[in-house]
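Engineer: This is the structure I have questions about; it appears just below.
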Amino acid sequence: MSQPVYDDQNIFAKILRGEIPCNKVDECDHTLSFHDIQPQAPVHILVIPKGAYVNMTDFSENASAEEQTAYLAALGRVAKMAGVTKDGYRLIANTGQHGHQDVPHLHMHILGGHALGRMLPARS
Ligand code: 5GP
């Protein structure tokens with residue numbers, strides 16, 4: 001299935017270009033991590049690749065091995081920096097319409113700092 005075209009006006013592209021600020025947690029050649037502006041848990045950090053990838057499908061198909069390795073390493077590093085590895089945490093990459101993705105630049109949510117409950121609410 002073809003991927004949506006990358007929109008370089010999305011909010012995370014603007015953060016990467018320094019057009020709007022973020023509360024940075026970590027940065028490397030290929031990734032930037034910052035606190036979510038509307039935290040859903042005591043720890044809520046977003047980890048994004050610096051490359052222009054819409055979502056995980058796009059990233060897994062088109063990012064270089066170096067970018068993919070750096071992204072995975074950033075997720076582990078930032079979770080450790082945030083102090084959630086002992087008690088546990090959750091990684092979420094909302095993808096596309098059914099995944100309820102709002103910002104069309106790949107981002108992984110790192111959530112933790114208290115018990116998060118079940119993965120999904122029961123459907124009514
Ligand atoms: P999504 O629903 O796409 O998985 O999540 C997008 C996330 O980006 C939301 O949790 C939202 O609070 C966060 N967000 C949206 N705009 C900004 C912003 O300007 N700065 C930061 N730090 N987070 C943002």
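For the structure tokens, the naming scheme is as follows: chains receive sequential letters (A, B, ...) according to their order of presentation, residues are indexed from 1 within each chain, and ligands are indexed from 1 in presentation order.
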Taking only C-alpha atoms and all ligand atoms into account, list the residues no farther than 9 Å from ligand 1, as a PDB file with N, CA, C and O atoms, in the first residue's frame.

Structural biologist:
```pdb
ATOM      1  N   ILE A  11       3.590  19.717  12.730  1.00  0.00           N
ATOM      2  CA  ILE A  11       4.159  20.387  13.916  1.00  0.00           C
ATOM      3  C   ILE A  11       5.544  19.842  14.287  1.00  0.00           C
ATOM      4  O   ILE A  11       6.414  20.596  14.741  1.00  0.00           O
ATOM      5  N   PHE A  12       5.780  18.553  14.060  1.00  0.00           N
ATOM      6  CA  PHE A  12       7.091  18.007  14.451  1.00  0.00           C
ATOM      7  C   PHE A  12       8.169  18.415  13.440  1.00  0.00           C
ATOM      8  O   PHE A  12       9.336  18.587  13.816  1.00  0.00           O
ATOM      9  N   LYS A  14       8.201  21.307  12.122  1.00  0.00           N
ATOM     10  CA  LYS A  14       8.511  22.672  12.565  1.00  0.00           C
ATOM     11  C   LYS A  14       9.414  22.652  13.796  1.00  0.00           C
ATOM     12  O   LYS A  14      10.327  23.475  13.912  1.00  0.00           O
ATOM     13  N   ILE A  15       9.190  21.702  14.692  1.00  0.00           N
ATOM     14  CA  ILE A  15      10.083  21.558  15.854  1.00  0.00           C
ATOM     15  C   ILE A  15      11.485  21.198  15.385  1.00  0.00           C
ATOM     16  O   ILE A  15      12.483  21.775  15.832  1.00  0.00           O
ATOM     17  N   ILE A  20       9.405  26.135  16.063  1.00  0.00           N
ATOM     18  CA  ILE A  20       8.697  26.214  17.341  1.00  0.00           C
ATOM     19  C   ILE A  20       9.507  25.431  18.376  1.00  0.00           C
ATOM     20  O   ILE A  20      10.231  24.484  18.017  1.00  0.00           O
ATOM     21  N   PRO A  21       9.408  25.845  19.636  1.00  0.00           N
ATOM     22  CA  PRO A  21      10.256  25.229  20.666  1.00  0.00           C
ATOM     23  C   PRO A  21       9.742  23.865  21.130  1.00  0.00           C
ATOM     24  O   PRO A  21       8.574  23.516  20.905  1.00  0.00           O
ATOM     25  N   CYS A  22      10.621  23.122  21.770  1.00  0.00           N
ATOM     26  CA  CYS A  22      10.199  21.897  22.453  1.00  0.00           C
ATOM     27  C   CYS A  22      11.035  21.786  23.715  1.00  0.00           C
ATOM     28  O   CYS A  22      12.080  22.425  23.839  1.00  0.00           O
ATOM     29  N   ASN A  23      10.542  20.974  24.619  1.00  0.00           N
ATOM     30  CA  ASN A  23      11.268  20.708  25.869  1.00  0.00           C
ATOM     31  C   ASN A  23      12.091  19.438  25.640  1.00  0.00           C
ATOM     32  O   ASN A  23      11.631  18.328  25.876  1.00  0.00           O
ATOM     33  N   LYS A  24      13.319  19.639  25.180  1.00  0.00           N
ATOM     34  CA  LYS A  24      14.148  18.516  24.697  1.00  0.00           C
ATOM     35  C   LYS A  24      14.643  17.623  25.827  1.00  0.00           C
ATOM     36  O   LYS A  24      15.036  18.105  26.879  1.00  0.00           O
ATOM     37  N   PHE A  34      11.509  14.690  23.070  1.00  0.00           N
ATOM     38  CA  PHE A  34      11.048  15.854  23.844  1.00  0.00           C
ATOM     39  C   PHE A  34       9.760  15.492  24.580  1.00  0.00           C
ATOM     40  O   PHE A  34       9.052  14.540  24.206  1.00  0.00           O
ATOM     41  N   HIS A  35       9.462  16.284  25.621  1.00  0.00           N
ATOM     42  CA  HIS A  35       8.262  16.024  26.410  1.00  0.00           C
ATOM     43  C   HIS A  35       7.011  16.361  25.599  1.00  0.00           C
ATOM     44  O   HIS A  35       6.967  17.386  24.899  1.00  0.00           O
ATOM     45  N   ASP A  36       6.000  15.514  25.737  1.00  0.00           N
ATOM     46  CA  ASP A  36       4.712  15.791  25.101  1.00  0.00           C
ATOM     47  C   ASP A  36       4.084  17.033  25.744  1.00  0.00           C
ATOM     48  O   ASP A  36       4.157  17.224  26.960  1.00  0.00           O
ATOM     49  N   ILE A  37       3.481  17.858  24.919  1.00  0.00           N
ATOM     50  CA  ILE A  37       2.910  19.120  25.413  1.00  0.00           C
ATOM     51  C   ILE A  37       1.659  18.887  26.271  1.00  0.00           C
ATOM     52  O   ILE A  37       1.312  19.723  27.110  1.00  0.00           O
ATOM     53  N   GLN A  38       1.006  17.757  26.094  1.00  0.00           N
ATOM     54  CA  GLN A  38      -0.182  17.409  26.892  1.00  0.00           C
ATOM     55  C   GLN A  38       0.023  16.021  27.487  1.00  0.00           C
ATOM     56  O   GLN A  38      -0.552  15.034  26.991  1.00  0.00           O
ATOM     57  N   PRO A  39       0.846  15.931  28.539  1.00  0.00           N
ATOM     58  CA  PRO A  39       1.218  14.600  29.043  1.00  0.00           C
ATOM     59  C   PRO A  39       0.023  13.791  29.540  1.00  0.00           C
ATOM     60  O   PRO A  39      -0.849  14.315  30.223  1.00  0.00           O
ATOM     61  N   GLN A  40       0.038  12.524  29.165  1.00  0.00           N
ATOM     62  CA  GLN A  40      -1.030  11.598  29.574  1.00  0.00           C
ATOM     63  C   GLN A  40      -0.606  10.714  30.745  1.00  0.00           C
ATOM     64  O   GLN A  40      -1.364   9.836  31.179  1.00  0.00           O
ATOM     65  N   HIS A  44       5.845  11.276  29.822  1.00  0.00           N
ATOM     66  CA  HIS A  44       5.272  11.192  28.478  1.00  0.00           C
ATOM     67  C   HIS A  44       6.220  11.929  27.523  1.00  0.00           C
ATOM     68  O   HIS A  44       6.207  13.156  27.416  1.00  0.00           O
ATOM     69  N   ILE A  45       7.026  11.139  26.865  1.00  0.00           N
ATOM     70  CA  ILE A  45       8.073  11.673  25.976  1.00  0.00           C
ATOM     71  C   ILE A  45       7.826  11.167  24.559  1.00  0.00           C
ATOM     72  O   ILE A  45       7.397  10.018  24.361  1.00  0.00           O
ATOM     73  N   LEU A  46       8.078  12.020  23.592  1.00  0.00           N
ATOM     74  CA  LEU A  46       7.953  11.649  22.184  1.00  0.00           C
ATOM     75  C   LEU A  46       9.346  11.491  21.587  1.00  0.00           C
ATOM     76  O   LEU A  46      10.210  12.359  21.796  1.00  0.00           O
ATOM     77  N   ILE A  92       4.055   3.525  22.346  1.00  0.00           N
ATOM     78  CA  ILE A  92       2.903   3.558  21.438  1.00  0.00           C
ATOM     79  C   ILE A  92       3.279   4.361  20.202  1.00  0.00           C
ATOM     80  O   ILE A  92       3.776   5.489  20.303  1.00  0.00           O
ATOM     81  N   ALA A  93       3.032   3.779  19.033  1.00  0.00           N
ATOM     82  CA  ALA A  93       3.194   4.519  17.777  1.00  0.00           C
ATOM     83  C   ALA A  93       1.847   4.490  17.062  1.00  0.00           C
ATOM     84  O   ALA A  93       1.548   3.569  16.294  1.00  0.00           O
ATOM     85  N   ASN A  94       1.011   5.472  17.343  1.00  0.00           N
ATOM     86  CA  ASN A  94      -0.275   5.563  16.658  1.00  0.00           C
ATOM     87  C   ASN A  94      -0.011   5.745  15.164  1.00  0.00           C
ATOM     88  O   ASN A  94       0.809   6.576  14.774  1.00  0.00           O
ATOM     89  N   THR A  95      -0.715   4.975  14.358  1.00  0.00           N
ATOM     90  CA  THR A  95      -0.416   4.960  12.923  1.00  0.00           C
ATOM     91  C   THR A  95      -1.688   5.036  12.106  1.00  0.00           C
ATOM     92  O   THR A  95      -2.564   4.169  12.223  1.00  0.00           O
ATOM     93  N   GLY A  96      -1.780   6.105  11.320  1.00  0.00           N
ATOM     94  CA  GLY A  96      -2.883   6.225  10.377  1.00  0.00           C
ATOM     95  C   GLY A  96      -4.234   6.457  11.039  1.00  0.00           C
ATOM     96  O   GLY A  96      -4.339   6.776  12.227  1.00  0.00           O
ATOM     97  N   GLY A  99      -5.350   4.013  13.784  1.00  0.00           N
ATOM     98  CA  GLY A  99      -4.449   4.181  14.930  1.00  0.00           C
ATOM     99  C   GLY A  99      -4.615   5.519  15.620  1.00  0.00           C
ATOM    100  O   GLY A  99      -3.971   5.775  16.625  1.00  0.00           O
ATOM    101  N   HIS A 100      -5.457   6.382  15.057  1.00  0.00           N
ATOM    102  CA  HIS A 100      -5.722   7.711  15.623  1.00  0.00           C
ATOM    103  C   HIS A 100      -4.448   8.549  15.703  1.00  0.00           C
ATOM    104  O   HIS A 100      -4.147   9.180  16.723  1.00  0.00           O
ATOM    105  N   GLN A 101      -3.686   8.571  14.602  1.00  0.00           N
ATOM    106  CA  GLN A 101      -2.468   9.380  14.540  1.00  0.00           C
ATOM    107  C   GLN A 101      -2.845  10.819  14.184  1.00  0.00           C
ATOM    108  O   GLN A 101      -3.472  11.063  13.160  1.00  0.00           O
ATOM    109  N   ASP A 102      -2.464  11.770  15.046  1.00  0.00           N
ATOM    110  CA  ASP A 102      -2.775  13.180  14.778  1.00  0.00           C
ATOM    111  C   ASP A 102      -1.663  13.886  14.014  1.00  0.00           C
ATOM    112  O   ASP A 102      -1.940  14.705  13.145  1.00  0.00           O
ATOM    113  N   VAL A 103      -0.417  13.617  14.385  1.00  0.00           N
ATOM    114  CA  VAL A 103       0.706  14.320  13.751  1.00  0.00           C
ATOM    115  C   VAL A 103       1.366  13.376  12.743  1.00  0.00           C
ATOM    116  O   VAL A 103       1.868  12.304  13.126  1.00  0.00           O
ATOM    117  N   PRO A 104       1.405  13.761  11.453  1.00  0.00           N
ATOM    118  CA  PRO A 104       1.891  12.842  10.404  1.00  0.00           C
ATOM    119  C   PRO A 104       3.409  12.858  10.229  1.00  0.00           C
ATOM    120  O   PRO A 104       3.933  13.009   9.122  1.00  0.00           O
ATOM    121  N   HIS A 105       4.114  12.731  11.354  1.00  0.00           N
ATOM    122  CA  HIS A 105       5.568  12.495  11.368  1.00  0.00           C
ATOM    123  C   HIS A 105       5.769  11.413  12.412  1.00  0.00           C
ATOM    124  O   HIS A 105       5.316  11.571  13.564  1.00  0.00           O
ATOM    125  N   LEU A 106       6.451  10.320  12.042  1.00  0.00           N
ATOM    126  CA  LEU A 106       6.600   9.199  12.974  1.00  0.00           C
ATOM    127  C   LEU A 106       7.009   9.669  14.372  1.00  0.00           C
ATOM    128  O   LEU A 106       7.965  10.438  14.511  1.00  0.00           O
ATOM    129  N   HIS A 107       6.290   9.199  15.365  1.00  0.00           N
ATOM    130  CA  HIS A 107       6.682   9.464  16.749  1.00  0.00           C
ATOM    131  C   HIS A 107       6.277   8.287  17.603  1.00  0.00           C
ATOM    132  O   HIS A 107       5.223   7.694  17.399  1.00  0.00           O
ATOM    133  N   MET A 108       7.153   7.951  18.539  1.00  0.00           N
ATOM    134  CA  MET A 108       6.833   6.917  19.521  1.00  0.00           C
ATOM    135  C   MET A 108       6.590   7.627  20.850  1.00  0.00           C
ATOM    136  O   MET A 108       7.396   8.449  21.266  1.00  0.00           O
ATOM    137  N   HIS A 109       5.455   7.322  21.454  1.00  0.00           N
ATOM    138  CA  HIS A 109       5.179   7.819  22.798  1.00  0.00           C
ATOM    139  C   HIS A 109       5.865   6.886  23.795  1.00  0.00           C
ATOM    140  O   HIS A 109       5.691   5.663  23.706  1.00  0.00           O
TER     141      HIS A 109
END
```

Engineer: To test your reading of the structure, identify every residue in stretch 1-104 of chain A that backbone DSSP assigns to alpha helix (DSSP H), and report it as a PDB file with C-alpha atoms, in the first residue's frame.

Structural biologist:
```pdb
ATOM      1  CA  ILE A  11       4.159  20.387  13.916  1.00  0.00           C
ATOM      2  CA  PHE A  12       7.091  18.007  14.451  1.00  0.00           C
ATOM      3  CA  ALA A  13       8.741  19.123  11.196  1.00  0.00           C
ATOM      4  CA  LYS A  14       8.511  22.672  12.565  1.00  0.00           C
ATOM      5  CA  ILE A  15      10.083  21.558  15.854  1.00  0.00           C
ATOM      6  CA  LEU A  16      12.914  19.859  13.941  1.00  0.00           C
ATOM      7  CA  MET A  56       6.236   3.416  11.207  1.00  0.00           C
ATOM      8  CA  THR A  57       5.294   1.767   7.925  1.00  0.00           C
ATOM      9  CA  ASP A  58       7.077   4.495   5.952  1.00  0.00           C
ATOM     10  CA  PHE A  59      10.056   4.385   8.315  1.00  0.00           C
ATOM     11  CA  SER A  60      10.464   0.604   8.227  1.00  0.00           C
ATOM     12  CA  GLU A  61      10.257   0.568   4.424  1.00  0.00           C
ATOM     13  CA  ASN A  62      12.352   3.632   3.608  1.00  0.00           C
ATOM     14  CA  ALA A  65      19.633   0.754   8.523  1.00  0.00           C
ATOM     15  CA  GLU A  66      21.616   3.457  10.355  1.00  0.00           C
ATOM     16  CA  GLU A  67      18.474   5.533  10.968  1.00  0.00           C
ATOM     17  CA  GLN A  68      16.517   2.497  12.135  1.00  0.00           C
ATOM     18  CA  THR A  69      19.251   1.415  14.516  1.00  0.00           C
ATOM     19  CA  ALA A  70      19.578   4.941  15.902  1.00  0.00           C
ATOM     20  CA  TYR A  71      15.822   5.151  16.466  1.00  0.00           C
ATOM     21  CA  LEU A  72      15.684   1.895  18.381  1.00  0.00           C
ATOM     22  CA  ALA A  73      18.713   2.921  20.437  1.00  0.00           C
ATOM     23  CA  ALA A  74      17.087   6.283  21.231  1.00  0.00           C
ATOM     24  CA  LEU A  75      13.941   4.568  22.527  1.00  0.00           C
ATOM     25  CA  GLY A  76      15.962   2.472  24.955  1.00  0.00           C
ATOM     26  CA  ARG A  77      18.232   5.343  25.952  1.00  0.00           C
ATOM     27  CA  VAL A  78      15.416   7.803  26.597  1.00  0.00           C
ATOM     28  CA  ALA A  79      13.372   5.286  28.614  1.00  0.00           C
ATOM     29  CA  LYS A  80      16.429   4.751  30.779  1.00  0.00           C
ATOM     30  CA  MET A  81      17.026   8.509  31.118  1.00  0.00           C
ATOM     31  CA  ALA A  82      13.375   8.970  32.132  1.00  0.00           C
TER      32      ALA A  82
END
```

Engineer: Enumerate, as a list of chain:residue names, the complete set of residues in chain A that a backbone-based DSSP assignment places in strand (DSSP E or B).

Structural biologist: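 Across chain A, those assigned strand (DSSP E or B) are A:Lys24, A:Val25, A:Asp26, A:Glu27, A:Thr31, A:Leu32, A:Ser33, A:Phe34, A:His35, A:Val43, A:His44, A:Ile45, A:Leu46, A:Val47, A:Ile48, A:Pro49, A:Tyr89, A:Arg90, A:Leu91, A:Ile92, A:Met108, A:His109, A:Ile110, A:Leu111, A:Gly112.
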
Engineer: Take the residues just selected and output them with N, CA and C atoms as a compact mmCIF listing (two decimals), in the first residue's frame.

Structural biologist:
```txt
# COMPACT_ATOMS: atom_id res chain seq x y z
N LYS A 24 13.32 19.64 25.18
CA LYS A 24 14.15 18.52 24.70
C LYS A 24 14.64 17.62 25.83
N VAL A 25 14.62 16.32 25.56
CA VAL A 25 15.12 15.33 26.50
C VAL A 25 16.43 14.74 26.00
N ASP A 26 16.54 14.55 24.69
CA ASP A 26 17.69 13.84 24.12
C ASP A 26 17.76 14.14 22.63
N GLU A 27 18.97 14.08 22.09
CA GLU A 27 19.14 14.27 20.65
C GLU A 27 20.37 13.50 20.19
N THR A 31 17.84 11.34 15.70
CA THR A 31 16.60 11.38 16.49
C THR A 31 16.55 12.62 17.39
N LEU A 32 15.32 13.00 17.74
CA LEU A 32 15.08 14.05 18.72
C LEU A 32 13.98 13.54 19.65
N SER A 33 14.16 13.79 20.94
CA SER A 33 13.16 13.36 21.93
C SER A 33 12.81 14.55 22.81
N PHE A 34 11.51 14.69 23.07
CA PHE A 34 11.05 15.85 23.84
C PHE A 34 9.76 15.49 24.58
N HIS A 35 9.46 16.28 25.62
CA HIS A 35 8.26 16.02 26.41
C HIS A 35 7.01 16.36 25.60
N VAL A 43 5.38 10.41 33.08
CA VAL A 43 6.41 10.44 32.02
C VAL A 43 5.70 10.29 30.68
N HIS A 44 5.85 11.28 29.82
CA HIS A 44 5.27 11.19 28.48
C HIS A 44 6.22 11.93 27.52
N ILE A 45 7.03 11.14 26.86
CA ILE A 45 8.07 11.67 25.98
C ILE A 45 7.83 11.17 24.56
N LEU A 46 8.08 12.02 23.59
CA LEU A 46 7.95 11.65 22.18
C LEU A 46 9.35 11.49 21.59
N VAL A 47 9.55 10.40 20.88
CA VAL A 47 10.84 10.15 20.20
C VAL A 47 10.57 10.16 18.71
N ILE A 48 11.24 11.06 17.99
CA ILE A 48 10.99 11.16 16.55
C ILE A 48 12.29 11.02 15.77
N PRO A 49 12.21 10.48 14.55
CA PRO A 49 13.39 10.49 13.68
C PRO A 49 13.53 11.89 13.09
N TYR A 89 7.11 0.56 31.44
CA TYR A 89 6.60 1.68 30.63
C TYR A 89 5.90 1.12 29.39
N ARG A 90 5.37 2.02 28.58
CA ARG A 90 4.65 1.60 27.37
C ARG A 90 5.14 2.44 26.20
N LEU A 91 5.33 1.76 25.07
CA LEU A 91 5.65 2.44 23.81
C LEU A 91 4.42 2.37 22.91
N ILE A 92 4.05 3.52 22.35
CA ILE A 92 2.90 3.56 21.44
C ILE A 92 3.28 4.36 20.20
N MET A 108 7.15 7.95 18.54
CA MET A 108 6.83 6.92 19.52
C MET A 108 6.59 7.63 20.85
N HIS A 109 5.46 7.32 21.45
CA HIS A 109 5.18 7.82 22.80
C HIS A 109 5.87 6.89 23.79
N ILE A 110 6.61 7.44 24.73
CA ILE A 110 7.09 6.68 25.89
C ILE A 110 6.27 7.15 27.08
N LEU A 111 5.50 6.22 27.64
CA LEU A 111 4.59 6.55 28.74
C LEU A 111 4.97 5.73 29.97
N GLY A 112 4.98 6.38 31.12
CA GLY A 112 5.28 5.65 32.35
C GLY A 112 5.19 6.57 33.54
```

Engineer: Separation of atom CA of A:Asp29 and atom CA of A:Tyr6, in Å?

Structural biologist: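 Atom-to-atom, atom CA of A:Asp29 to atom CA of A:Tyr6, that is 20.5 Å.
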
Engineer: What gap, in Å, lies between atom CA of A:Ala52 and atom CA of A:Asp8?

Structural biologist: 7.8 Å

Engineer: Can you pull out the residues contacting A:His114? Cut-off 10 Å, using only C-alpha atoms, and skip same-chain residues under 4 positions away; I want them as a ChimeraX atom specification.

Structural biologist: /A:41-43,84,87-89
